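Next comes structure38.pdb, a file with PDB, C-alpha atoms.
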```pdb
ATOM      1  CA  MET A   1      -9.626  24.269   2.415
ATOM      2  CA  ASN A   2     -12.059  21.377   2.591
ATOM      3  CA  SER A   3     -10.075  18.336   3.780
ATOM      4  CA  VAL A   4     -12.116  15.976   1.597
ATOM      5  CA  ASP A   5     -10.488  17.641  -1.401
ATOM      6  CA  ILE A   6      -7.951  14.783  -1.362
ATOM      7  CA  ASN A   7      -8.433  11.163  -2.338
ATOM      8  CA  VAL A   8      -5.841   8.518  -1.455
ATOM      9  CA  ILE A   9      -5.489   5.809  -4.114
ATOM     10  CA  ILE A  10      -4.013   2.432  -3.146
ATOM     11  CA  PRO A  11      -3.442  -0.196  -5.862
ATOM     12  CA  THR A  12      -3.233  -3.748  -4.552
ATOM     13  CA  TRP A  13      -3.014  -7.370  -5.601
ATOM     14  CA  ASN A  14      -3.198 -10.322  -3.191
ATOM     15  CA  LYS A  15      -1.720  -8.494  -0.200
ATOM     16  CA  ARG A  16      -4.704  -8.398   2.135
ATOM     17  CA  LYS A  17      -2.765  -8.305   5.421
ATOM     18  CA  LEU A  18      -0.450  -5.529   4.249
ATOM     19  CA  LEU A  19      -3.378  -3.509   2.921
ATOM     20  CA  GLU A  20      -5.249  -3.873   6.199
ATOM     21  CA  LYS A  21      -2.358  -2.307   8.133
ATOM     22  CA  CYS A  22      -2.041   0.447   5.527
ATOM     23  CA  LEU A  23      -5.741   1.319   5.824
ATOM     24  CA  ASP A  24      -5.509   1.225   9.618
ATOM     25  CA  SER A  25      -2.836   3.934   9.477
ATOM     26  CA  LEU A  26      -4.973   6.095   7.178
ATOM     27  CA  ALA A  27      -7.914   5.788   9.566
ATOM     28  CA  LYS A  28      -5.831   7.544  12.251
ATOM     29  CA  GLN A  29      -5.132  10.731  10.277
ATOM     30  CA  THR A  30      -5.480  14.106  11.982
ATOM     31  CA  VAL A  31      -7.673  15.293   9.098
ATOM     32  CA  PRO A  32     -10.093  13.134   7.104
ATOM     33  CA  CYS A  33      -9.617  12.006   3.523
ATOM     34  CA  THR A  34     -11.385   9.770   1.068
ATOM     35  CA  VAL A  35      -9.697   6.491   0.154
ATOM     36  CA  THR A  36      -9.979   4.346  -2.964
ATOM     37  CA  VAL A  37      -8.533   0.844  -3.112
ATOM     38  CA  VAL A  38      -8.034  -0.405  -6.668
ATOM     39  CA  ASP A  39      -7.986  -4.192  -6.427
ATOM     40  CA  ASN A  40      -6.208  -5.819  -9.381
ATOM     41  CA  GLY A  41      -8.256  -9.025  -9.301
ATOM     42  CA  SER A  42      -7.078 -10.311  -5.909
ATOM     43  CA  THR A  43      -8.062 -13.846  -4.923
ATOM     44  CA  ASP A  44      -7.119 -13.602  -1.222
ATOM     45  CA  GLY A  45     -10.293 -11.968   0.113
ATOM     46  CA  THR A  46      -9.053  -8.380  -0.276
ATOM     47  CA  ALA A  47     -12.380  -6.929  -1.445
ATOM     48  CA  GLN A  48     -14.309  -8.666   1.348
ATOM     49  CA  MET A  49     -11.835  -7.429   3.984
ATOM     50  CA  VAL A  50     -12.180  -3.828   2.761
ATOM     51  CA  GLN A  51     -15.974  -4.069   2.729
ATOM     52  CA  GLU A  52     -16.178  -5.544   6.220
ATOM     53  CA  ARG A  53     -13.419  -3.646   8.051
ATOM     54  CA  PHE A  54     -13.396  -0.331   6.150
ATOM     55  CA  PRO A  55     -16.901   0.287   4.788
ATOM     56  CA  GLN A  56     -16.059   3.968   4.268
ATOM     57  CA  VAL A  57     -13.369   3.024   1.722
ATOM     58  CA  ASP A  58     -14.310   2.841  -1.948
ATOM     59  CA  CYS A  59     -13.072  -0.458  -3.442
ATOM     60  CA  LEU A  60     -12.744  -0.517  -7.223
ATOM     61  CA  SER A  61     -12.516  -4.219  -8.078
ATOM     62  CA  LEU A  62     -10.950  -5.254 -11.401
ATOM     63  CA  ASN A  63     -11.304  -8.683 -12.981
ATOM     64  CA  GLN A  64      -7.570  -9.259 -13.492
ATOM     65  CA  ASN A  65      -4.128  -7.855 -12.667
ATOM     66  CA  PHE A  66      -3.685  -4.865 -14.984
ATOM     67  CA  GLY A  67      -0.516  -3.664 -13.243
ATOM     68  CA  PHE A  68       0.305  -0.657 -11.088
ATOM     69  CA  ALA A  69       0.061   2.060 -13.747
ATOM     70  CA  LYS A  70      -3.400   1.157 -15.059
ATOM     71  CA  ALA A  71      -4.735   0.623 -11.540
ATOM     72  CA  VAL A  72      -3.681   4.079 -10.328
ATOM     73  CA  ASN A  73      -4.904   5.667 -13.569
ATOM     74  CA  LEU A  74      -8.363   4.211 -12.984
ATOM     75  CA  GLY A  75      -8.234   5.523  -9.429
ATOM     76  CA  ILE A  76      -7.234   9.000 -10.582
ATOM     77  CA  GLU A  77      -9.988   9.083 -13.205
ATOM     78  CA  ASN A  78     -12.483   7.958 -10.563
ATOM     79  CA  ALA A  79     -11.430  10.630  -8.042
ATOM     80  CA  ALA A  80     -13.767  13.600  -7.640
ATOM     81  CA  THR A  81     -11.233  15.692  -5.698
ATOM     82  CA  ARG A  82      -8.809  18.501  -6.539
ATOM     83  CA  TYR A  83      -5.879  16.533  -5.145
ATOM     84  CA  VAL A  84      -4.885  12.888  -5.124
ATOM     85  CA  ALA A  85      -2.340  10.924  -3.125
ATOM     86  CA  LEU A  86      -0.859   7.596  -4.164
ATOM     87  CA  LEU A  87       0.135   5.070  -1.528
ATOM     88  CA  ASN A  88       1.596   1.561  -1.706
ATOM     89  CA  ASN A  89      -0.128  -1.229   0.198
ATOM     90  CA  ASP A  90       3.231  -2.009   1.884
ATOM     91  CA  ALA A  91       3.340   1.448   3.488
ATOM     92  CA  GLN A  92       1.989   2.866   6.738
ATOM     93  CA  VAL A  93       1.625   6.605   7.186
ATOM     94  CA  ASP A  94       2.297   8.951  10.077
ATOM     95  CA  ARG A  95      -0.941  10.370  11.493
ATOM     96  CA  HIS A  96      -0.100  13.847  10.105
ATOM     97  CA  TRP A  97       0.645  12.657   6.543
ATOM     98  CA  ILE A  98      -2.565  13.940   4.930
ATOM     99  CA  GLU A  99      -2.424  17.169   6.952
ATOM    100  CA  VAL A 100       1.108  17.879   5.708
ATOM    101  CA  GLY A 101       0.163  17.108   2.106
ATOM    102  CA  LEU A 102      -2.874  19.360   2.151
ATOM    103  CA  GLY A 103      -0.813  22.158   3.667
ATOM    104  CA  ALA A 104       1.774  21.815   0.909
ATOM    105  CA  PHE A 105      -0.826  22.377  -1.814
ATOM    106  CA  GLU A 106      -1.730  25.695  -0.193
ATOM    107  CA  ASN A 107       1.734  26.826   0.873
ATOM    108  CA  TYR A 108       3.704  25.869  -2.245
ATOM    109  CA  ARG A 109       1.493  26.863  -5.151
ATOM    110  CA  ASP A 110       4.354  26.785  -7.649
ATOM    111  CA  TYR A 111       4.714  23.036  -7.143
ATOM    112  CA  TRP A 112       2.463  20.413  -8.714
ATOM    113  CA  PHE A 113       3.501  17.241  -6.891
ATOM    114  CA  PHE A 114       5.205  16.346  -3.640
ATOM    115  CA  ALA A 115       7.517  13.585  -2.400
ATOM    116  CA  SER A 116       7.183  12.040   1.055
ATOM    117  CA  ARG A 117       9.890  11.223   3.575
ATOM    118  CA  MET A 118       9.867   7.431   3.321
ATOM    119  CA  ILE A 119      11.478   5.538   6.194
ATOM    120  CA  ASP A 120      12.557   1.894   6.187
ATOM    121  CA  MET A 121       9.932   0.036   8.228
ATOM    122  CA  ARG A 122      12.480  -2.662   9.155
ATOM    123  CA  ASP A 123      14.890  -0.078  10.579
ATOM    124  CA  ARG A 124      13.181   3.181  11.461
ATOM    125  CA  SER A 125      16.511   4.942  11.879
ATOM    126  CA  THR A 126      17.144   4.599   8.125
ATOM    127  CA  LEU A 127      15.682   6.412   5.125
ATOM    128  CA  ASP A 128      14.061   4.561   2.257
ATOM    129  CA  SER A 129      13.536   7.602   0.010
ATOM    130  CA  ALA A 130      13.622  11.395   0.056
ATOM    131  CA  GLY A 131      12.502  11.800  -3.553
ATOM    132  CA  ASP A 132      13.446  10.166  -6.837
ATOM    133  CA  CYS A 133      16.550  10.821  -8.954
ATOM    134  CA  TYR A 134      17.521   9.902 -12.518
ATOM    135  CA  GLY A 135      21.015  10.307 -13.930
ATOM    136  CA  LYS A 136      22.964  10.010 -17.154
ATOM    137  CA  THR A 137      23.882   6.412 -16.272
ATOM    138  CA  GLY A 138      20.267   5.499 -17.059
ATOM    139  CA  LEU A 139      19.648   4.301 -13.492
ATOM    140  CA  ALA A 140      16.838   5.727 -11.423
ATOM    141  CA  TYR A 141      17.522   5.753  -7.696
ATOM    142  CA  LYS A 142      16.064   6.830  -4.396
ATOM    143  CA  ARG A 143      17.578   9.956  -2.910
ATOM    144  CA  GLY A 144      18.814   9.230   0.611
ATOM    145  CA  PHE A 145      18.312   5.464   0.435
ATOM    146  CA  GLY A 146      20.009   3.752   3.385
ATOM    147  CA  GLU A 147      21.092   7.021   5.016
ATOM    148  CA  PRO A 148      20.236   8.084   8.603
ATOM    149  CA  ILE A 149      16.783   9.642   9.008
ATOM    150  CA  GLU A 150      18.411  12.811  10.343
ATOM    151  CA  GLU A 151      19.509  13.592   6.781
ATOM    152  CA  TYR A 152      17.281  15.387   4.245
ATOM    153  CA  SER A 153      15.404  17.302   6.934
ATOM    154  CA  LYS A 154      14.561  20.367   4.793
ATOM    155  CA  SER A 155      11.975  20.916   2.071
ATOM    156  CA  GLU A 156      13.669  21.240  -1.305
ATOM    157  CA  PRO A 157      12.979  20.696  -5.006
ATOM    158  CA  VAL A 158      13.579  17.171  -6.320
ATOM    159  CA  LEU A 159      13.230  15.517  -9.696
ATOM    160  CA  GLY A 160      10.246  13.478  -8.668
ATOM    161  CA  ALA A 161       8.246  11.573  -6.097
ATOM    162  CA  SER A 162       8.018   7.853  -5.524
ATOM    163  CA  ALA A 163       4.436   6.899  -6.358
ATOM    164  CA  GLY A 164       4.607   4.678  -3.276
ATOM    165  CA  ALA A 165       3.720   7.782  -1.226
ATOM    166  CA  ALA A 166       3.140  11.000  -3.160
ATOM    167  CA  PHE A 167       0.748  13.929  -3.500
ATOM    168  CA  TYR A 168      -0.435  15.373  -6.845
ATOM    169  CA  ARG A 169      -2.653  18.190  -8.019
ATOM    170  CA  LYS A 170      -5.176  16.293 -10.102
ATOM    171  CA  GLU A 171      -4.900  18.924 -12.830
ATOM    172  CA  LEU A 172      -1.309  17.777 -13.418
ATOM    173  CA  PHE A 173      -2.636  14.645 -15.107
ATOM    174  CA  THR A 174      -4.843  16.758 -17.378
ATOM    175  CA  ARG A 175      -1.785  18.785 -18.358
ATOM    176  CA  ILE A 176       0.767  15.995 -18.972
ATOM    177  CA  GLY A 177      -1.262  12.778 -19.138
ATOM    178  CA  LEU A 178      -1.646   9.837 -16.794
ATOM    179  CA  PHE A 179       0.939   7.192 -15.916
ATOM    180  CA  ASP A 180       2.232   5.322 -18.960
ATOM    181  CA  GLU A 181       0.551   1.909 -18.742
ATOM    182  CA  SER A 182       3.194   0.262 -20.925
ATOM    183  CA  TYR A 183       5.467   0.273 -17.846
ATOM    184  CA  PHE A 184       3.004  -2.083 -16.075
ATOM    185  CA  LEU A 185       4.879  -1.720 -12.780
ATOM    186  CA  TYR A 186       8.123  -0.091 -11.594
ATOM    187  CA  LEU A 187       9.614   3.206 -12.863
ATOM    188  CA  GLU A 188       6.305   4.529 -14.190
ATOM    189  CA  ASP A 189       6.644   7.232 -11.535
ATOM    190  CA  VAL A 190      10.089   8.231 -12.839
ATOM    191  CA  ASP A 191       8.662   8.526 -16.345
ATOM    192  CA  LEU A 192       5.847  10.735 -15.054
ATOM    193  CA  SER A 193       8.303  12.892 -13.092
ATOM    194  CA  LEU A 194      10.506  13.395 -16.147
ATOM    195  CA  ARG A 195       7.504  14.322 -18.303
ATOM    196  CA  ALA A 196       6.331  16.781 -15.661
ATOM    197  CA  GLN A 197       9.736  18.442 -15.250
ATOM    198  CA  LEU A 198      10.235  18.767 -19.021
ATOM    199  CA  GLN A 199       6.921  20.623 -19.211
ATOM    200  CA  GLY A 200       7.729  22.927 -16.287
ATOM    201  CA  PHE A 201       5.797  21.223 -13.466
ATOM    202  CA  LYS A 202       7.974  21.035 -10.361
ATOM    203  CA  CYS A 203       8.172  18.591  -7.449
ATOM    204  CA  LEU A 204       8.965  19.397  -3.810
ATOM    205  CA  TYR A 205      10.199  17.050  -1.107
ATOM    206  CA  LEU A 206       8.273  17.258   2.194
ATOM    207  CA  PRO A 207      10.336  15.970   5.159
ATOM    208  CA  GLU A 208       7.329  16.163   7.498
ATOM    209  CA  ALA A 209       5.213  13.883   5.264
ATOM    210  CA  ILE A 210       6.412  10.698   6.960
ATOM    211  CA  VAL A 211       5.692   7.228   5.612
ATOM    212  CA  TYR A 212       7.064   3.875   6.793
ATOM    213  CA  HIS A 213       7.775   1.568   3.856
ATOM    214  CA  LEU A 214       8.307  -2.194   3.811
ATOM    215  CA  GLU A 215      10.493  -2.228   0.695
ATOM    216  CA  GLY A 216       9.573  -4.926  -1.831
ATOM    217  CA  ALA A 217       6.723  -6.412   0.228
ATOM    218  CA  SER A 218       4.065  -5.522  -2.361
ATOM    219  CA  ASP A 219       5.823  -7.714  -4.945
ATOM    220  CA  PRO A 220       3.536 -10.698  -5.701
ATOM    221  CA  GLU A 221       6.451 -13.118  -5.201
ATOM    222  CA  HIS A 222       7.301 -11.748  -1.756
ATOM    223  CA  SER A 223       6.237 -14.042   1.083
ATOM    224  CA  GLU A 224       4.762 -12.429   4.186
ATOM    225  CA  LYS A 225       7.015 -14.707   6.243
ATOM    226  CA  ARG A 226      10.136 -13.463   4.468
ATOM    227  CA  THR A 227      12.430 -10.949   6.160
ATOM    228  CA  GLU A 228      15.344  -8.974   4.755
ATOM    229  CA  SER A 229      18.047  -6.961   6.376
ATOM    230  CA  PRO A 230      17.478  -3.194   6.260
ATOM    231  CA  GLY A 231      18.562  -1.732   2.934
ATOM    232  CA  CYS A 232      18.815  -5.069   1.102
ATOM    233  CA  GLY A 233      15.343  -5.116  -0.427
ATOM    234  CA  PHE A 234      13.705  -7.939  -2.341
ATOM    235  CA  TYR A 235      14.471  -8.820  -5.958
ATOM    236  CA  SER A 236      12.219 -11.443  -7.513
ATOM    237  CA  ARG A 237      12.632 -12.474 -11.141
ATOM    238  CA  ASN A 238       9.441 -10.568 -11.892
ATOM    239  CA  ARG A 239      10.802  -7.406 -10.282
ATOM    240  CA  VAL A 240      14.190  -7.663 -11.996
ATOM    241  CA  PHE A 241      12.493  -8.192 -15.377
ATOM    242  CA  TRP A 242      10.223  -5.155 -15.160
ATOM    243  CA  ILE A 243      12.856  -2.820 -13.699
ATOM    244  CA  THR A 244      15.332  -3.809 -16.397
ATOM    245  CA  ARG A 245      12.792  -3.623 -19.213
ATOM    246  CA  ASN A 246      11.528  -0.224 -18.040
ATOM    247  CA  ARG A 247      15.048   1.170 -17.677
ATOM    248  CA  TRP A 248      15.475   0.542 -21.393
ATOM    249  CA  GLN A 249      12.238   2.380 -22.121
ATOM    250  CA  LEU A 250      13.327   5.361 -20.020
ATOM    251  CA  MET A 251      16.723   5.368 -21.711
ATOM    252  CA  VAL A 252      15.291   5.321 -25.234
ATOM    253  CA  THR A 253      12.753   8.008 -24.369
ATOM    254  CA  TYR A 254      14.907  10.491 -22.463
ATOM    255  CA  GLN A 255      18.641   9.891 -22.883
ATOM    256  CA  PRO A 256      20.695  11.763 -25.536
ATOM    257  CA  LEU A 257      23.331   9.942 -27.573
ATOM    258  CA  ARG A 258      26.153  11.802 -25.815
ATOM    259  CA  HIS A 259      25.359   9.805 -22.662
ATOM    260  CA  VAL A 260      26.134   6.430 -24.267
ATOM    261  CA  PRO A 261      29.439   5.923 -22.346
ATOM    262  CA  TRP A 262      27.673   6.685 -19.071
ATOM    263  CA  LEU A 263      24.779   4.390 -19.998
ATOM    264  CA  LEU A 264      27.203   1.530 -20.635
ATOM    265  CA  TYR A 265      28.732   2.103 -17.207
ATOM    266  CA  GLY A 266      25.260   2.168 -15.627
ATOM    267  CA  TRP A 267      24.191  -1.093 -17.238
ATOM    268  CA  LEU A 268      27.395  -2.867 -16.232
ATOM    269  CA  ARG A 269      26.893  -1.678 -12.675
ATOM    270  CA  SER A 270      23.273  -2.855 -12.708
ATOM    271  CA  PHE A 271      24.267  -6.238 -14.128
ATOM    272  CA  ALA A 272      26.867  -6.700 -11.405
ATOM    273  CA  PHE A 273      24.301  -5.808  -8.728
ATOM    274  CA  HIS A 274      21.776  -8.378  -9.897
ATOM    275  CA  LEU A 275      24.467 -11.016 -10.337
ATOM    276  CA  LEU A 276      26.269 -10.561  -7.034
ATOM    277  CA  LYS A 277      23.689  -9.169  -4.627
ATOM    278  CA  ALA A 278      20.239  -9.960  -5.927
ATOM    279  CA  GLY A 279      21.117 -13.346  -7.410
ATOM    280  CA  HIS A 280      19.903 -12.700 -10.929
ATOM    281  CA  THR A 281      22.025 -12.363 -14.055
ATOM    282  CA  ALA A 282      19.495 -11.290 -16.640
ATOM    283  CA  SER A 283      16.017 -10.090 -17.597
TER     284      SER A 283
END
```
Please, can you express the file's structure as structure tokens?
Amino acid sequence: MNSVDINVIIPTWNKRKLLEKCLDSLAKQTVPCTVTVVDNGSTDGTAQMVQERFPQVDCLSLNQNFGFAKAVNLGIENAATRYVALLNNDAQVDRHWIEVGLGAFENYRDYWFFASRMIDMRDRSTLDSAGDCYGKTGLAYKRGFGEPIEEYSKSEPVLGASAGAAFYRKELFTRIGLFDESYFLYLEDVDLSLRAQLQGFKCLYLPEAIVYHLEGASDPEHSEKRTESPGCGFYSRNRVFWITRNRWQLMVTYQPLRHVPWLLYGWLRSFAFHLLKAGHTAS
């Protein structure tokens, strides 16, 4: 396999310092890859930083913030490789991340996309995600969130992959379509995973594809000086709005009527979370 068969796509908006650390980690990979930064109209010098510090990186500059889904779609359409990886700007990857992903495409040919082992950057003894889940309560959640990193140490099928650090056969998007841009940001990856699974395209979790994630730091309302306790995350009004709005869209699209009692329970639980823990009561 030619290692340049994979292109890493990183959407970003006004998070220059985070992006710089993310790109630094990609520059240390054991095998080479091409990288595309899709800049959603940043005004903090992002494009200039990429040009000066990482001239080998392709920077696709947009004139406004089109959201996560449209940004990654443009990156995917621009990629001239058989495989693509998506990576958040608030993530840093283990030096073997690309090597593990490329190996998975060859070793697991029945699978079309792959989830990474995401570790909480604030507490590297704790998992952030071992694949995505979606239940009859209408709530999407991260498998393994907050659990010790010793858990989920085996490769196994999962519903889907967090687009914050995932590998895809590019042909998958030809088969099922790109990310739904109506989601703008948050849960577009769950929608894609559900579409893929319903059409017979499976996802595999890769415990050796290690990524360190600074949960919530890519949110435009998150200050770089802000710190949270491990596992608490960051919930801006913007984030709460889009997660809540997109949960409704997932529910209407995928949930059968027989799940209504469970959906009511899920929404009450979500409301209580935002009221008591995140500090928001609506949106």
Evaluate the PyMOL selection byres ((chain A and resi 180-188) around 9) here and jot the selected residues down as a list of chain:residue names.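 Matching residues under the PyMOL selection byres ((chain A and resi 180-188) around 9) are A:Phe66, A:Gly67, A:Phe68, A:Ala69, A:Lys70, A:Asn73, A:Ala140, A:Ser162, A:Ala163, A:Gly177, A:Leu178, A:Phe179, A:Asp189, A:Val190, A:Asp191, A:Leu192, A:Ser193, A:Arg239, A:Trp242, A:Ile243, A:Arg245, A:Asn246, A:Arg247, A:Gln249, A:Leu250.
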Between CA of Leu86 in chain A and CA of Gly266 in chain A, what is the distance, to one decimal in Å? 29.0 Å
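Selection check: the PyMOL selection byres ((chain A and resi 149) around 12) on the shown file gives A:Arg117, A:Met118, A:Ile119, A:Asp120, A:Met121, A:Asp123, A:Arg124, A:Ser125, A:Thr126, A:Leu127, A:Asp128, A:Ser129, A:Ala130, A:Arg143, A:Gly144, A:Phe145, A:Gly146, A:Glu147, A:Pro148, A:Glu150, A:Glu151, A:Tyr152, A:Ser153, A:Lys154, A:Pro207, A:Glu208, A:Ile210, A:Val211, A:Tyr212.
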Evaluate the PyMOL selection byres ((chain A and resi 14) around 9) against this structure - the residues, as a VMD selection string, please. chain A and resid 12 to 13 15 to 17 39 to 46 218 220
CA of Ala165 in chain A to CA of Val8 in chain A: how many Å, to one decimal?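 Taking CA of Ala165 in chain A and CA of Val8 in chain A, their separation equals 9.6 Å.
For the choices A:Ala104, A:Val4, A:Ile76, A:Val260, the atom-to-atom distance to Val37 in chain A is smallest for A:Ile76 when using all atoms listed in the file.
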For a test of reading the model, state the distance in Å between CA of Val38 in chain A and CA of Asn78 in chain A, rounded to one decimal.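 Computed distance, CA of Val38 in chain A to CA of Asn78 in chain A, equals 10.2 Å.
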All file atoms of range 35-53 of chain A boxed axis-aligned, 3 Å per side, centre plus edges, as AutoDock Vina command-line options:
```
--center_x -11.2 --center_y -3.7 --center_z -0.7 --size_x 16.0 --size_y 26.3 --size_z 23.4
```
Quick one: everything within 9 Å of range 202-205 of chain A, counting all atoms listed in the file, minus sequence neighbours fewer than 2 positions away in the same chain. Send it as a VMD selection string. chain A and resid 104 108 110 to 117 130 to 131 154 to 161 193 196 to 197 199 to 200 207 209
Pick the closest to Cys22 in chain A from A:Gln48, A:Gln64, A:Gln92, A:Gln255: which is it, counting all atoms listed in the file?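 Of the candidates, the smallest distance to Cys22 in chain A is held by A:Gln92.
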Tell me which of A:Tyr254, A:Trp262, A:Trp248, A:Trp97 sits closest to Ala166 in chain A, counting only C-alpha atoms.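 The shortest atom-to-atom distance to Ala166 in chain A comes from A:Trp97.
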Nearest residue to Gly164 in chain A from the set A:Glu52, A:Glu99, A:Asp90, A:Glu20 (distances using all atoms listed in the file):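 Result for the nearest residue to Gly164 in chain A: A:Asp90.
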